[in-house]
Amino acid sequence: MNTEHILETRQLGKDFKGFTAVSGVDLQIRRGHIHALIGPNGAGKTTVFNLLTKFLRPTTGQIFFNSTDITSEKPAQTARRGVIRSFQISSVFPHLTTLDNVRIALQRPLGTSYYFWRSQNSLNQLNARAMELLELVDLALFANKAAVELPYGRKRALELATTLALEPELMLLDEPTQGMGHEDVDRVTALIKKVAQNRTVLMVEHNMKVVSQIADRLTVLQRGRIIAEGPYAEVSSNPQVIEAYMGTVDTELQGAH
Amino acid sequence: MKNRMPIVLLVLAVLGCLAPLAGLYPVFLMKGLCFALFACAFNLLIGYTGLLSFGHAAFFGTAGYVAGHFVKVWGWSPELGIILGAATSAGLGWLIGGLAIRRQGIYFAMITLALSQMLYFVCLQVPVTGAEDGMQGIPRGHLFGFIDLSSDLTLYYVVLAIFLAGYGLLQRVVNSPFGQVLKAIRENESRVLSLGYDVDRHKLLAFVLSAGLAGVAGATKTIVLGFETLTDVSWEMSGEVVLMTLVGGMGTLLGPVVGAFVIVSLQNYLADKVGAWVQVIIGSAFVLCVLALRKGIVGTIAARLQPKAINA
Ligand SMILES: Nc1ncnc2c1ncn2[C@@H]1O[C@H](COP(=O)(O)OP(=O)(O)OP(=O)(O)O)[C@@H](O)[C@H]1O
Ligand SMILES: [Mg+2]
């Protein structure tokens, strides 16, 4: 096993009642990289995320995190190893305040989550850190607003802050810029690059401009299989990739260079 | 918002102390308080964790039978009967909850209903419950062995103290680090899971706490009335607590208390006037609440007073 790789999968596969959503996926994610997972709609990207984070049980194959086989772990176990994901559809706690959203994540390492007899004032020690995280994503002004009242782009930013709160060693982001306006996309892209400095990021991203700007490597998935893997320049000139996927975003591709 | 909790408790305590002096009938008040605690315990699940249990009568009634049996047959003092009853219900909650929490939504409700129906049939069959005749003639006895509870007023203040303790505990649970995680689970379960929390274990603990407190309520009610019957373990009782909570306002701390008193009053005052129509009237009240006051009585008032209130 290569210790350069923080995450590896071997022949990872998932069937849904006879329909093969993912098959024979050998992923290798290098420590410290921003690794993009791309592919057309329905290629199986989210399914791979669900497999890696144990939200789905693989039909075949194995998953290794830091050389440990985590294939049969439960989602919470894997998360506690430092693999934290975000979701494709914005995933906040709508009726909690923005501050409380981040605090839910910060609270976990305290180990007091079963303490039903203790006052929640014991969580106030987390406020300073929570505000720092909110500032990082430009949400400090909204700290006491319910998450449900935030505009979509801000919700996604909040989700990012919540994910970051756990200082994940490996962060999995499922389309973090989806549904955002141009300015938000640029901001979030810069933010991901910034927070990736001391961690590894695996991200699903449709926006090729974002991918070309920050991804160290990318893996292209099509109909559940890997069809290409490598640095952006190499993958984007791969004829199979262009035909299968990038052909449809040709203009965006050129725009990115 | 955070400092309001002790005030609510204080106001309830003062109101509770004054109520009998205002001429309200103590037995009616005690019944109301027992159902209020039952509904508050139920609300911990539906209002703060997002779990609809449709079998909560199992915990209410079981504790009633256990307390009744030990007080009547073994001569235990009432507080020990209540404690044992509540502990039994908590244990039962651990069993039923453990089986049910792996399921989501309507399946969760169906499993709790099925398991509580099994318990109903056990209670119907075993001789110790008195089956259809019920368990009768349970003495109120002496609290701690020396406080005579035969006076309604004395017993009322004891029941009020039990209610306030249970209510205070639930307030604390809701506003604890654990309560924060419960609310997050209610809001977005998979997100909580993805952050590394063992969601099932948190749900199970909430379930056990809720079952235990429902047990306190049921056992206390048995001591108050001096009998226990199959009604308390029936599915109708499970439905009634849902009704009380929804009418009052789920996910609010006061809602279930208001809802319980509204329903108990309706039952009390209408029963001799309209007979069986009481069910129809209560049913209509429920429909009205669902249509007109979607957040229940307390939830709607709170929303009016504070349009941007955060439901916490
Ligand atoms: N729980 C499920 N049951 C059955 N089929 C599923 C399930 N989840 C995903 N699929 C199917 O698996 C395939 C891959 O879906 P997946 O969501 O992983 O695609 P994706 O690459 O994330 O697509 P998108 O870019 O649209 O998000 C799709 O055909 C989808 O319909
Ligand atoms: Mg997807």
# chains A, B, ... in the order shown; residues from 1 in each chain; ligands from 1
>>> residues_near_ligand(ligand="ligand 2", cutoff="7 Å", atoms="only C-alpha atoms and all ligand atoms", output="VMD selection string")
chain A and resid 42 44 to 46 88 174
>>> write_last_selection(atoms="all heavy atoms", output="mmCIF file, in the first residue's frame")
data_model
loop_
_atom_site.group_PDB
_atom_site.id
_atom_site.type_symbol
_atom_site.label_atom_id
_atom_site.label_comp_id
_atom_site.auth_asym_id
_atom_site.auth_seq_id
_atom_site.Cartn_x
_atom_site.Cartn_y
_atom_site.Cartn_z
ATOM 1 N N GLY A 42 -25.567 11.403 -13.858
ATOM 2 C CA GLY A 42 -25.867 9.992 -13.701
ATOM 3 C C GLY A 42 -24.667 9.084 -13.838
ATOM 4 O O GLY A 42 -24.794 7.865 -13.892
ATOM 5 N N GLY A 44 -22.460 8.429 -11.673
ATOM 6 C CA GLY A 44 -22.188 7.673 -10.451
ATOM 7 C C GLY A 44 -21.317 8.415 -9.454
ATOM 8 O O GLY A 44 -20.824 7.815 -8.496
ATOM 9 N N LYS A 45 -21.148 9.701 -9.637
ATOM 10 C CA LYS A 45 -20.263 10.477 -8.755
ATOM 11 C C LYS A 45 -20.788 10.534 -7.322
ATOM 12 O O LYS A 45 -20.057 10.260 -6.363
ATOM 13 C CB LYS A 45 -20.103 11.910 -9.309
ATOM 14 C CG LYS A 45 -19.629 11.941 -10.750
ATOM 15 C CD LYS A 45 -19.514 13.354 -11.282
ATOM 16 C CE LYS A 45 -20.833 14.113 -11.389
ATOM 17 N NZ LYS A 45 -21.762 13.597 -12.418
ATOM 18 N N THR A 46 -22.052 10.885 -7.203
ATOM 19 C CA THR A 46 -22.629 10.958 -5.859
ATOM 20 C C THR A 46 -22.658 9.575 -5.215
ATOM 21 O O THR A 46 -22.428 9.434 -4.015
ATOM 22 C CB THR A 46 -24.044 11.569 -5.920
ATOM 23 O OG1 THR A 46 -23.930 12.891 -6.452
ATOM 24 C CG2 THR A 46 -24.687 11.643 -4.563
ATOM 25 N N GLN A 88 -24.842 17.129 -2.241
ATOM 26 C CA GLN A 88 -25.089 17.803 -3.516
ATOM 27 C C GLN A 88 -26.172 18.867 -3.372
ATOM 28 O O GLN A 88 -26.065 19.961 -3.899
ATOM 29 C CB GLN A 88 -25.494 16.772 -4.568
ATOM 30 C CG GLN A 88 -25.712 17.370 -5.948
ATOM 31 C CD GLN A 88 -25.750 16.291 -7.020
ATOM 32 O OE1 GLN A 88 -25.565 15.107 -6.738
ATOM 33 N NE2 GLN A 88 -25.971 16.696 -8.244
ATOM 34 N N ASP A 174 -19.556 17.672 -2.683
ATOM 35 C CA ASP A 174 -20.359 17.285 -3.844
ATOM 36 C C ASP A 174 -20.942 18.543 -4.496
ATOM 37 O O ASP A 174 -21.903 19.112 -4.003
ATOM 38 C CB ASP A 174 -21.483 16.333 -3.418
ATOM 39 C CG ASP A 174 -22.038 15.533 -4.599
ATOM 40 O OD1 ASP A 174 -21.759 15.914 -5.754
ATOM 41 O OD2 ASP A 174 -22.738 14.524 -4.357
#
>>> residues_near_ligand(ligand="ligand 1", cutoff="9 Å", atoms="only C-alpha atoms and all ligand atoms", output="ChimeraX atom specification")
/A:14-17,19-22,38-50,56,88,174-175,204-206,221-224
>>> write_last_selection(atoms="C-alpha atoms", output="compact mmCIF listing (two decimals), in the first residue's frame")
# COMPACT_ATOMS: atom_id res chain seq x y z
CA LYS A 14 -22.52 -0.70 -6.45
CA ASP A 15 -25.63 -2.31 -7.90
CA PHE A 16 -29.13 -1.02 -7.33
CA LYS A 17 -31.46 -3.95 -7.90
CA PHE A 19 -28.70 -1.65 -12.23
CA THR A 20 -24.95 -1.09 -11.98
CA ALA A 21 -24.38 2.49 -10.86
CA VAL A 22 -20.66 2.09 -10.11
CA ILE A 38 -16.12 14.65 -12.92
CA GLY A 39 -18.48 13.00 -15.34
CA PRO A 40 -21.86 13.48 -17.02
CA ASN A 41 -25.15 13.40 -15.10
CA GLY A 42 -25.87 9.99 -13.70
CA ALA A 43 -22.25 8.85 -14.05
CA GLY A 44 -22.19 7.67 -10.45
CA LYS A 45 -20.26 10.48 -8.76
CA THR A 46 -22.63 10.96 -5.86
CA THR A 47 -22.89 7.20 -5.50
CA VAL A 48 -19.11 7.02 -5.14
CA PHE A 49 -19.32 9.67 -2.41
CA ASN A 50 -22.04 7.70 -0.68
CA LEU A 56 -24.21 3.11 0.95
CA GLN A 88 -25.09 17.80 -3.52
CA ASP A 174 -20.36 17.28 -3.84
CA GLU A 175 -20.75 20.17 -6.32
CA VAL A 204 -17.39 16.62 -7.63
CA GLU A 205 -17.57 19.64 -9.89
CA HIS A 206 -19.34 20.37 -13.14
CA LEU A 221 -16.39 8.75 -14.51
CA GLN A 222 -18.78 7.55 -17.15
CA ARG A 223 -21.60 5.08 -16.60
CA GLY A 224 -20.06 4.06 -13.31
>>> closest_residue(among="A:Ile226, A:Leu123, A:Ile192, A:Leu218", to="Arg103 in chain A", atoms="only C-alpha atoms")
A:Leu123
>>> closest_residue(among="A:Met208, A:Ala215, A:Leu99, A:Leu126", to="Arg30 in chain A", atoms="only C-alpha atoms")
A:Ala215
>>> closest_atom_pairs(of="chain B", to="chain A", cutoff="10 Å", atoms="only C-alpha atoms", output="Markdown table")
| residue | atom | partner | partner_atom | distance |
| --- | --- | --- | --- | --- |
| B:Lys2 | CA | A:Asn121 | CA | 8.9 |
| B:Leu169 | CA | A:Trp117 | CA | 7.7 |
| B:Leu170 | CA | A:Phe116 | CA | 9.0 |
| B:Gln171 | CA | A:Trp117 | CA | 9.8 |
| B:Arg172 | CA | A:Trp117 | CA | 6.3 |
| B:Val173 | CA | A:Phe116 | CA | 4.7 |
| B:Val174 | CA | A:Phe116 | CA | 7.8 |
| B:Asn175 | CA | A:Gln120 | CA | 5.6 |
| B:Ser176 | CA | A:Gln120 | CA | 4.3 |
| B:Pro177 | CA | A:Gln120 | CA | 5.1 |
| B:Phe178 | CA | A:Ser113 | CA | 4.7 |
| B:Gly179 | CA | A:Phe116 | CA | 6.6 |
| B:Gln180 | CA | A:Ile104 | CA | 7.2 |
| B:Val181 | CA | A:Ile104 | CA | 6.7 |
| B:Leu182 | CA | A:Ser113 | CA | 9.3 |
| B:Lys183 | CA | A:Leu96 | CA | 8.1 |
| B:Ala184 | CA | A:Phe93 | CA | 6.1 |
| B:Ile185 | CA | A:Phe93 | CA | 8.6 |
| B:Arg186 | CA | A:Phe93 | CA | 8.7 |
| B:Glu187 | CA | A:Phe93 | CA | 5.2 |
| B:Asn188 | CA | A:Phe93 | CA | 5.9 |
| B:Glu189 | CA | A:Phe93 | CA | 9.2 |
| B:Ser190 | CA | A:Phe55 | CA | 8.6 |
| B:Arg191 | CA | A:Ser91 | CA | 6.6 |
| B:Val192 | CA | A:Ile104 | CA | 8.2 |
| B:Leu193 | CA | A:Ala76 | CA | 5.7 |
| B:Ser194 | CA | A:Ala79 | CA | 6.2 |
| B:Leu195 | CA | A:Ala79 | CA | 6.1 |
| B:Gly196 | CA | A:Ala76 | CA | 4.0 |
| B:Tyr197 | CA | A:Ala76 | CA | 5.4 |
| B:Asp198 | CA | A:Ala76 | CA | 5.6 |
| B:Val199 | CA | A:Ala76 | CA | 8.1 |
| B:Arg201 | CA | A:Tyr114 | CA | 9.0 |
| B:His202 | CA | A:Tyr114 | CA | 7.0 |
| B:Leu205 | CA | A:Tyr114 | CA | 8.0 |
| B:Ala206 | CA | A:Phe116 | CA | 9.2 |
| B:Leu209 | CA | A:Phe116 | CA | 9.6 |
| B:Lys308 | CA | A:Ala146 | CA | 8.8 |
| B:Ala309 | CA | A:Ala146 | CA | 9.0 |
| B:Ile310 | CA | A:His95 | CA | 6.4 |
| B:Asn311 | CA | A:His95 | CA | 6.3 |
| B:Ala312 | CA | A:Leu96 | CA | 7.2 |
>>> write_last_selection(atoms="N, CA and C atoms", output="tab-separated table (two decimals), in the first residue's frame")
chain	number	residue	atom	x	y	z
B	2	LYS	N	-32.83	31.99	26.12
B	2	LYS	CA	-32.23	31.02	27.02
B	2	LYS	C	-32.65	31.26	28.46
B	169	LEU	N	-36.86	18.72	34.05
B	169	LEU	CA	-35.87	17.83	33.43
B	169	LEU	C	-35.97	17.89	31.91
B	170	LEU	N	-37.21	17.87	31.39
B	170	LEU	CA	-37.37	17.92	29.93
B	170	LEU	C	-36.86	19.25	29.36
B	171	GLN	N	-37.11	20.34	30.08
B	171	GLN	CA	-36.57	21.64	29.66
B	171	GLN	C	-35.06	21.58	29.55
B	172	ARG	N	-34.47	20.97	30.56
B	172	ARG	CA	-33.02	20.86	30.56
B	172	ARG	C	-32.54	20.00	29.39
B	173	VAL	N	-33.21	18.87	29.18
B	173	VAL	CA	-32.80	17.98	28.09
B	173	VAL	C	-32.82	18.74	26.76
B	174	VAL	N	-33.91	19.48	26.55
B	174	VAL	CA	-34.05	20.20	25.29
B	174	VAL	C	-32.97	21.27	25.14
B	175	ASN	N	-32.55	21.85	26.26
B	175	ASN	CA	-31.53	22.90	26.20
B	175	ASN	C	-30.17	22.42	26.67
B	176	SER	N	-29.84	21.20	26.35
B	176	SER	CA	-28.54	20.64	26.73
B	176	SER	C	-27.75	20.38	25.46
B	177	PRO	N	-26.47	20.05	25.60
B	177	PRO	CA	-25.70	19.65	24.40
B	177	PRO	C	-26.40	18.50	23.67
B	178	PHE	N	-26.96	17.56	24.42
B	178	PHE	CA	-27.69	16.45	23.82
B	178	PHE	C	-28.91	16.97	23.05
B	179	GLY	N	-29.63	17.90	23.67
B	179	GLY	CA	-30.81	18.48	23.01
B	179	GLY	C	-30.46	19.16	21.70
B	180	GLN	N	-29.29	19.79	21.66
B	180	GLN	CA	-28.86	20.42	20.41
B	180	GLN	C	-28.73	19.38	19.30
B	181	VAL	N	-28.12	18.25	19.66
B	181	VAL	CA	-27.95	17.20	18.65
B	181	VAL	C	-29.32	16.65	18.24
B	182	LEU	N	-30.23	16.51	19.20
B	182	LEU	CA	-31.58	16.02	18.85
B	182	LEU	C	-32.24	16.94	17.84
B	183	LYS	N	-32.16	18.26	18.09
B	183	LYS	CA	-32.79	19.21	17.17
B	183	LYS	C	-32.14	19.10	15.79
B	184	ALA	N	-30.84	18.93	15.79
B	184	ALA	CA	-30.15	18.80	14.50
B	184	ALA	C	-30.63	17.54	13.78
B	185	ILE	N	-30.86	16.46	14.52
B	185	ILE	CA	-31.36	15.22	13.91
B	185	ILE	C	-32.76	15.46	13.33
B	186	ARG	N	-33.58	16.17	14.09
B	186	ARG	CA	-34.92	16.51	13.59
B	186	ARG	C	-34.82	17.29	12.29
B	187	GLU	N	-33.86	18.20	12.22
B	187	GLU	CA	-33.74	19.07	11.06
B	187	GLU	C	-33.15	18.38	9.85
B	188	ASN	N	-32.17	17.53	10.08
B	188	ASN	CA	-31.44	16.97	8.95
B	188	ASN	C	-30.59	15.80	9.43
B	189	GLU	N	-31.22	14.63	9.41
B	189	GLU	CA	-30.58	13.47	10.01
B	189	GLU	C	-29.28	13.07	9.31
B	190	SER	N	-29.28	13.05	7.97
B	190	SER	CA	-28.07	12.56	7.30
B	190	SER	C	-26.90	13.52	7.50
B	191	ARG	N	-27.21	14.81	7.64
B	191	ARG	CA	-26.12	15.74	7.89
B	191	ARG	C	-25.48	15.45	9.24
B	192	VAL	N	-26.30	15.15	10.24
B	192	VAL	CA	-25.76	14.84	11.56
B	192	VAL	C	-24.89	13.59	11.49
B	193	LEU	N	-25.37	12.61	10.74
B	193	LEU	CA	-24.60	11.38	10.56
B	193	LEU	C	-23.26	11.68	9.89
B	194	SER	N	-23.30	12.54	8.89
B	194	SER	CA	-22.08	12.83	8.14
B	194	SER	C	-21.07	13.60	8.98
B	195	LEU	N	-21.53	14.22	10.07
B	195	LEU	CA	-20.60	14.93	10.94
B	195	LEU	C	-20.00	14.00	11.98
B	196	GLY	N	-20.39	12.74	11.95
B	196	GLY	CA	-19.75	11.75	12.82
B	196	GLY	C	-20.51	11.42	14.08
B	197	TYR	N	-21.77	11.81	14.16
B	197	TYR	CA	-22.57	11.44	15.33
B	197	TYR	C	-23.25	10.10	15.08
B	198	ASP	N	-23.31	9.29	16.14
B	198	ASP	CA	-24.05	8.05	16.06
B	198	ASP	C	-25.54	8.38	16.26
B	199	VAL	N	-26.22	8.66	15.16
B	199	VAL	CA	-27.60	9.16	15.22
B	199	VAL	C	-28.51	8.19	15.97
B	201	ARG	N	-27.95	6.05	18.32
B	201	ARG	CA	-27.79	6.02	19.79
B	201	ARG	C	-28.39	7.27	20.44
B	202	HIS	N	-28.27	8.40	19.75
B	202	HIS	CA	-28.91	9.61	20.29
B	202	HIS	C	-30.43	9.46	20.29
B	205	LEU	N	-31.44	7.12	23.16
B	205	LEU	CA	-31.42	7.77	24.47
B	205	LEU	C	-32.65	8.67	24.63
B	206	ALA	N	-32.98	9.41	23.57
B	206	ALA	CA	-34.17	10.27	23.63
B	206	ALA	C	-35.41	9.41	23.87
B	209	LEU	N	-35.50	8.19	27.53
B	209	LEU	CA	-35.89	9.29	28.43
B	209	LEU	C	-37.38	9.57	28.31
B	308	LYS	N	-40.28	36.30	13.85
B	308	LYS	CA	-39.08	35.63	13.36
B	308	LYS	C	-38.51	34.66	14.39
B	309	ALA	N	-39.36	34.23	15.32
B	309	ALA	CA	-38.87	33.35	16.37
B	309	ALA	C	-38.25	32.10	15.77
B	310	ILE	N	-37.17	31.71	16.38
B	310	ILE	CA	-36.54	30.48	15.94
B	310	ILE	C	-37.05	29.36	16.82
B	311	ASN	N	-37.47	28.34	16.16
B	311	ASN	CA	-38.11	27.24	16.86
B	311	ASN	C	-37.08	26.39	17.59
B	312	ALA	N	-36.68	26.83	18.76
B	312	ALA	CA	-35.64	26.08	19.46
B	312	ALA	C	-35.98	25.72	20.86
>>> select_by_dssp(residues="range 88-200 of chain B", states="strand (DSSP E)", output="ChimeraX atom specification")
/B:142-143,147-148
>>> select_by_dssp(residues="range 147-277 of chain B", states="alpha helix (DSSP H)", output="PyMOL selection string")
chain B and resi 152-174+177-187+189-194+199-225+235-248+255-274+277
>>> residues_around(residues="Ala233 in chain A", least_positions_apart="4", cutoff="10 Å", atoms="only C-alpha atoms", output="list in words")
Ser212, Arg217, Leu218, Ser237, Asn238 and His257 of chain A
>>> closest_residue(among="A:Leu170, A:Leu51, A:Val211, A:Ile6", to="Asn198 in chain A", atoms="only C-alpha atoms")
A:Leu170
>>> residues_around(residues="Leu80 in chain B", least_positions_apart="2", cutoff="9 Å", atoms="only C-alpha atoms", output="list in words")
Ala67, Phe70, Val71, Trp76, Ser77, Pro78, Ile82, Ile83, Leu84, Gly85 and Phe144 of chain B
>>> write_last_selection(atoms="all heavy atoms", output="CSV table (one decimal), in the first residue's frame")
chain,number,residue,atom,x,y,z
B,67,ALA,N,-46.5,0.1,39.1
B,67,ALA,CA,-46.7,0.9,40.3
B,67,ALA,C,-47.9,0.4,41.1
B,67,ALA,O,-47.8,0.1,42.3
B,67,ALA,CB,-46.8,2.4,40.0
B,70,PHE,N,-47.2,-3.1,42.8
B,70,PHE,CA,-46.3,-3.1,43.9
B,70,PHE,C,-46.8,-2.3,45.1
B,70,PHE,O,-46.6,-2.7,46.3
B,70,PHE,CB,-44.9,-2.6,43.5
B,70,PHE,CG,-44.1,-3.7,42.9
B,70,PHE,CD1,-44.3,-4.0,41.5
B,70,PHE,CD2,-43.2,-4.5,43.6
B,70,PHE,CE1,-43.5,-5.0,40.9
B,70,PHE,CE2,-42.5,-5.5,43.0
B,70,PHE,CZ,-42.7,-5.8,41.7
B,71,VAL,N,-47.6,-1.3,44.8
B,71,VAL,CA,-48.2,-0.5,45.9
B,71,VAL,C,-49.3,-1.3,46.6
B,71,VAL,O,-49.4,-1.5,47.8
B,71,VAL,CB,-48.7,0.8,45.4
B,71,VAL,CG1,-49.6,1.5,46.5
B,71,VAL,CG2,-47.5,1.7,45.1
B,76,TRP,N,-45.7,-1.4,48.8
B,76,TRP,CA,-44.7,-0.3,48.6
B,76,TRP,C,-45.3,1.0,48.8
B,76,TRP,O,-46.4,1.3,48.6
B,76,TRP,CB,-44.1,-0.4,47.2
B,76,TRP,CG,-43.2,-1.6,47.0
B,76,TRP,CD1,-43.2,-2.8,47.7
B,76,TRP,CD2,-42.1,-1.7,46.1
B,76,TRP,NE1,-42.2,-3.6,47.2
B,76,TRP,CE2,-41.5,-2.9,46.2
B,76,TRP,CE3,-41.6,-0.8,45.1
B,76,TRP,CZ2,-40.5,-3.3,45.4
B,76,TRP,CZ3,-40.5,-1.2,44.3
B,76,TRP,CH2,-40.0,-2.4,44.5
B,77,SER,N,-44.4,2.0,49.2
B,77,SER,CA,-44.9,3.3,49.3
B,77,SER,C,-44.9,3.9,47.9
B,77,SER,O,-44.3,3.5,47.0
B,77,SER,CB,-44.0,4.2,50.2
B,77,SER,OG,-42.7,4.2,49.7
B,78,PRO,N,-45.8,4.9,47.7
B,78,PRO,CA,-46.1,5.4,46.3
B,78,PRO,C,-44.9,5.8,45.5
B,78,PRO,O,-44.8,5.5,44.3
B,78,PRO,CB,-47.1,6.5,46.5
B,78,PRO,CG,-47.0,6.9,48.0
B,78,PRO,CD,-46.6,5.7,48.7
B,82,ILE,N,-43.8,4.5,41.9
B,82,ILE,CA,-43.6,5.3,40.7
B,82,ILE,C,-42.2,5.2,40.1
B,82,ILE,O,-42.1,5.1,38.9
B,82,ILE,CB,-43.9,6.8,41.1
B,82,ILE,CG1,-45.4,7.0,41.4
B,82,ILE,CG2,-43.5,7.7,39.9
B,82,ILE,CD1,-45.7,8.4,42.0
B,83,ILE,N,-41.2,5.1,41.0
B,83,ILE,CA,-39.8,5.0,40.5
B,83,ILE,C,-39.7,3.6,39.7
B,83,ILE,O,-39.2,3.6,38.6
B,83,ILE,CB,-38.8,5.1,41.6
B,83,ILE,CG1,-38.8,6.5,42.1
B,83,ILE,CG2,-37.4,4.6,41.1
B,83,ILE,CD1,-38.0,6.7,43.4
B,84,LEU,N,-40.2,2.6,40.3
B,84,LEU,CA,-40.1,1.3,39.7
B,84,LEU,C,-40.9,1.2,38.4
B,84,LEU,O,-40.4,0.7,37.3
B,84,LEU,CB,-40.6,0.1,40.6
B,84,LEU,CG,-40.4,-1.3,40.0
B,84,LEU,CD1,-38.9,-1.6,39.9
B,84,LEU,CD2,-41.1,-2.3,40.8
B,85,GLY,N,-42.1,1.8,38.4
B,85,GLY,CA,-42.9,1.9,37.2
B,85,GLY,C,-42.2,2.6,36.1
B,85,GLY,O,-42.1,2.2,34.9
B,144,PHE,N,-43.1,8.6,51.3
B,144,PHE,CA,-41.9,8.3,52.2
B,144,PHE,C,-42.3,7.6,53.5
B,144,PHE,O,-41.6,7.6,54.4
B,144,PHE,CB,-41.2,9.6,52.5
B,144,PHE,CG,-40.8,10.4,51.3
B,144,PHE,CD1,-41.2,11.7,51.2
B,144,PHE,CD2,-40.1,9.9,50.3
B,144,PHE,CE1,-40.9,12.5,50.1
B,144,PHE,CE2,-39.8,10.6,49.2
B,144,PHE,CZ,-40.2,12.0,49.1
>>> atom_distance(atom1="CA of Leu213 in chain B", atom2="CA of Ser89 in chain B")
8.3 Å
>>> residues_around(residues="Lys72 in chain B", least_positions_apart="2", cutoff="10 Å", atoms="only C-alpha atoms", output="CSV table (one decimal) with N, CA, C and O atoms, in the first residue's frame")
chain,number,residue,atom,x,y,z
B,66,VAL,N,-47.3,-1.5,36.9
B,66,VAL,CA,-46.2,-1.9,37.8
B,66,VAL,C,-46.3,-1.2,39.1
B,66,VAL,O,-46.3,-1.8,40.2
B,67,ALA,N,-46.5,0.1,39.1
B,67,ALA,CA,-46.7,0.9,40.3
B,67,ALA,C,-47.9,0.4,41.1
B,67,ALA,O,-47.8,0.1,42.3
B,68,GLY,N,-49.0,0.2,40.4
B,68,GLY,CA,-50.2,-0.3,41.1
B,68,GLY,C,-50.0,-1.6,41.7
B,68,GLY,O,-50.4,-1.8,42.9
B,69,HIS,N,-49.4,-2.5,41.1
B,69,HIS,CA,-49.2,-3.8,41.6
B,69,HIS,C,-48.3,-3.8,42.9
B,69,HIS,O,-48.7,-4.4,43.9
B,70,PHE,N,-47.2,-3.1,42.8
B,70,PHE,CA,-46.3,-3.1,43.9
B,70,PHE,C,-46.8,-2.3,45.1
B,70,PHE,O,-46.6,-2.7,46.3
B,74,TRP,N,-47.7,-5.5,47.3
B,74,TRP,CA,-46.5,-5.6,48.1
B,74,TRP,C,-46.4,-4.5,49.2
B,74,TRP,O,-45.4,-4.4,49.9
B,75,GLY,N,-47.4,-3.6,49.1
B,75,GLY,CA,-47.4,-2.6,50.2
B,75,GLY,C,-46.3,-1.5,50.0
B,75,GLY,O,-45.9,-0.9,51.0
B,76,TRP,N,-45.7,-1.4,48.8
B,76,TRP,CA,-44.7,-0.3,48.6
B,76,TRP,C,-45.3,1.0,48.8
B,76,TRP,O,-46.4,1.3,48.6
B,77,SER,N,-44.4,2.0,49.2
B,77,SER,CA,-44.9,3.3,49.3
B,77,SER,C,-44.9,3.9,47.9
B,77,SER,O,-44.3,3.5,47.0
B,78,PRO,N,-45.8,4.9,47.7
B,78,PRO,CA,-46.1,5.4,46.3
B,78,PRO,C,-44.9,5.8,45.5
B,78,PRO,O,-44.8,5.5,44.3
B,81,GLY,N,-43.2,2.9,44.1
B,81,GLY,CA,-44.0,2.4,43.0
B,81,GLY,C,-43.8,3.2,41.8
B,81,GLY,O,-43.6,2.6,40.7
B,135,MET,N,-57.1,-3.2,37.4
B,135,MET,CA,-56.5,-3.3,38.7
B,135,MET,C,-57.2,-2.3,39.6
B,135,MET,O,-57.1,-1.1,39.3
B,136,GLN,N,-57.9,-2.8,40.5
B,136,GLN,CA,-58.7,-1.8,41.3
B,136,GLN,C,-58.2,-1.7,42.7
B,136,GLN,O,-57.4,-2.5,43.2
B,137,GLY,N,-58.7,-0.7,43.4
B,137,GLY,CA,-58.4,-0.5,44.8
B,137,GLY,C,-57.0,-0.3,45.2
B,137,GLY,O,-56.5,-0.9,46.2
B,138,ILE,N,-56.2,0.5,44.4
B,138,ILE,CA,-54.8,0.7,44.7
B,138,ILE,C,-54.8,1.9,45.7
B,138,ILE,O,-55.3,3.0,45.5
B,139,PRO,N,-54.2,1.6,46.9
B,139,PRO,CA,-54.2,2.7,47.9
B,139,PRO,C,-53.2,3.8,47.6
B,139,PRO,O,-52.2,3.5,47.0
B,140,ARG,N,-53.5,5.0,48.0
B,140,ARG,CA,-52.6,6.1,47.8
B,140,ARG,C,-51.4,6.0,48.8
B,140,ARG,O,-50.3,6.4,48.5
B,141,GLY,N,-51.7,5.4,50.0
B,141,GLY,CA,-50.6,5.2,50.9
B,141,GLY,C,-50.0,6.5,51.5
B,141,GLY,O,-50.6,7.5,51.5
B,223,ILE,N,-51.7,6.1,40.9
B,223,ILE,CA,-51.7,6.4,42.4
B,223,ILE,C,-52.9,7.4,42.6
B,223,ILE,O,-53.6,7.3,43.6
B,226,GLY,N,-56.3,5.5,41.8
B,226,GLY,CA,-56.5,4.3,42.6
B,226,GLY,C,-56.9,3.1,41.7
B,226,GLY,O,-57.2,2.0,42.3
B,227,PHE,N,-56.8,3.2,40.4
B,227,PHE,CA,-57.0,2.0,39.6
B,227,PHE,C,-56.2,2.1,38.3
B,227,PHE,O,-55.8,3.2,37.9
>>> atom_distance(atom1="CA of Glu135 in chain A", atom2="CA of Leu202 in chain A")
23.5 Å
>>> residues_around(residues="Val247 in chain B", least_positions_apart="2", cutoff="10 Å", atoms="only C-alpha atoms", output="NGL selection string")
:B and (241-245 or 249-250 or 255-256 or 258-260 or 262-263 or 285-290 or 293-299)
>>> decode(residues="range 119-127 of chain B", atoms="C-alpha atoms", output="compact mmCIF listing (two decimals), in the first residue's frame")
# COMPACT_ATOMS: atom_id res chain seq x y z
CA LEU B 119 -48.04 -5.38 24.93
CA TYR B 120 -51.77 -4.61 25.06
CA PHE B 121 -52.55 -8.25 24.37
CA VAL B 122 -50.11 -9.36 27.04
CA CYS B 123 -51.87 -7.07 29.52
CA LEU B 124 -55.21 -8.50 28.41
CA GLN B 125 -54.04 -12.08 28.99
CA VAL B 126 -51.94 -12.08 32.15
CA PRO B 127 -53.87 -12.36 35.43
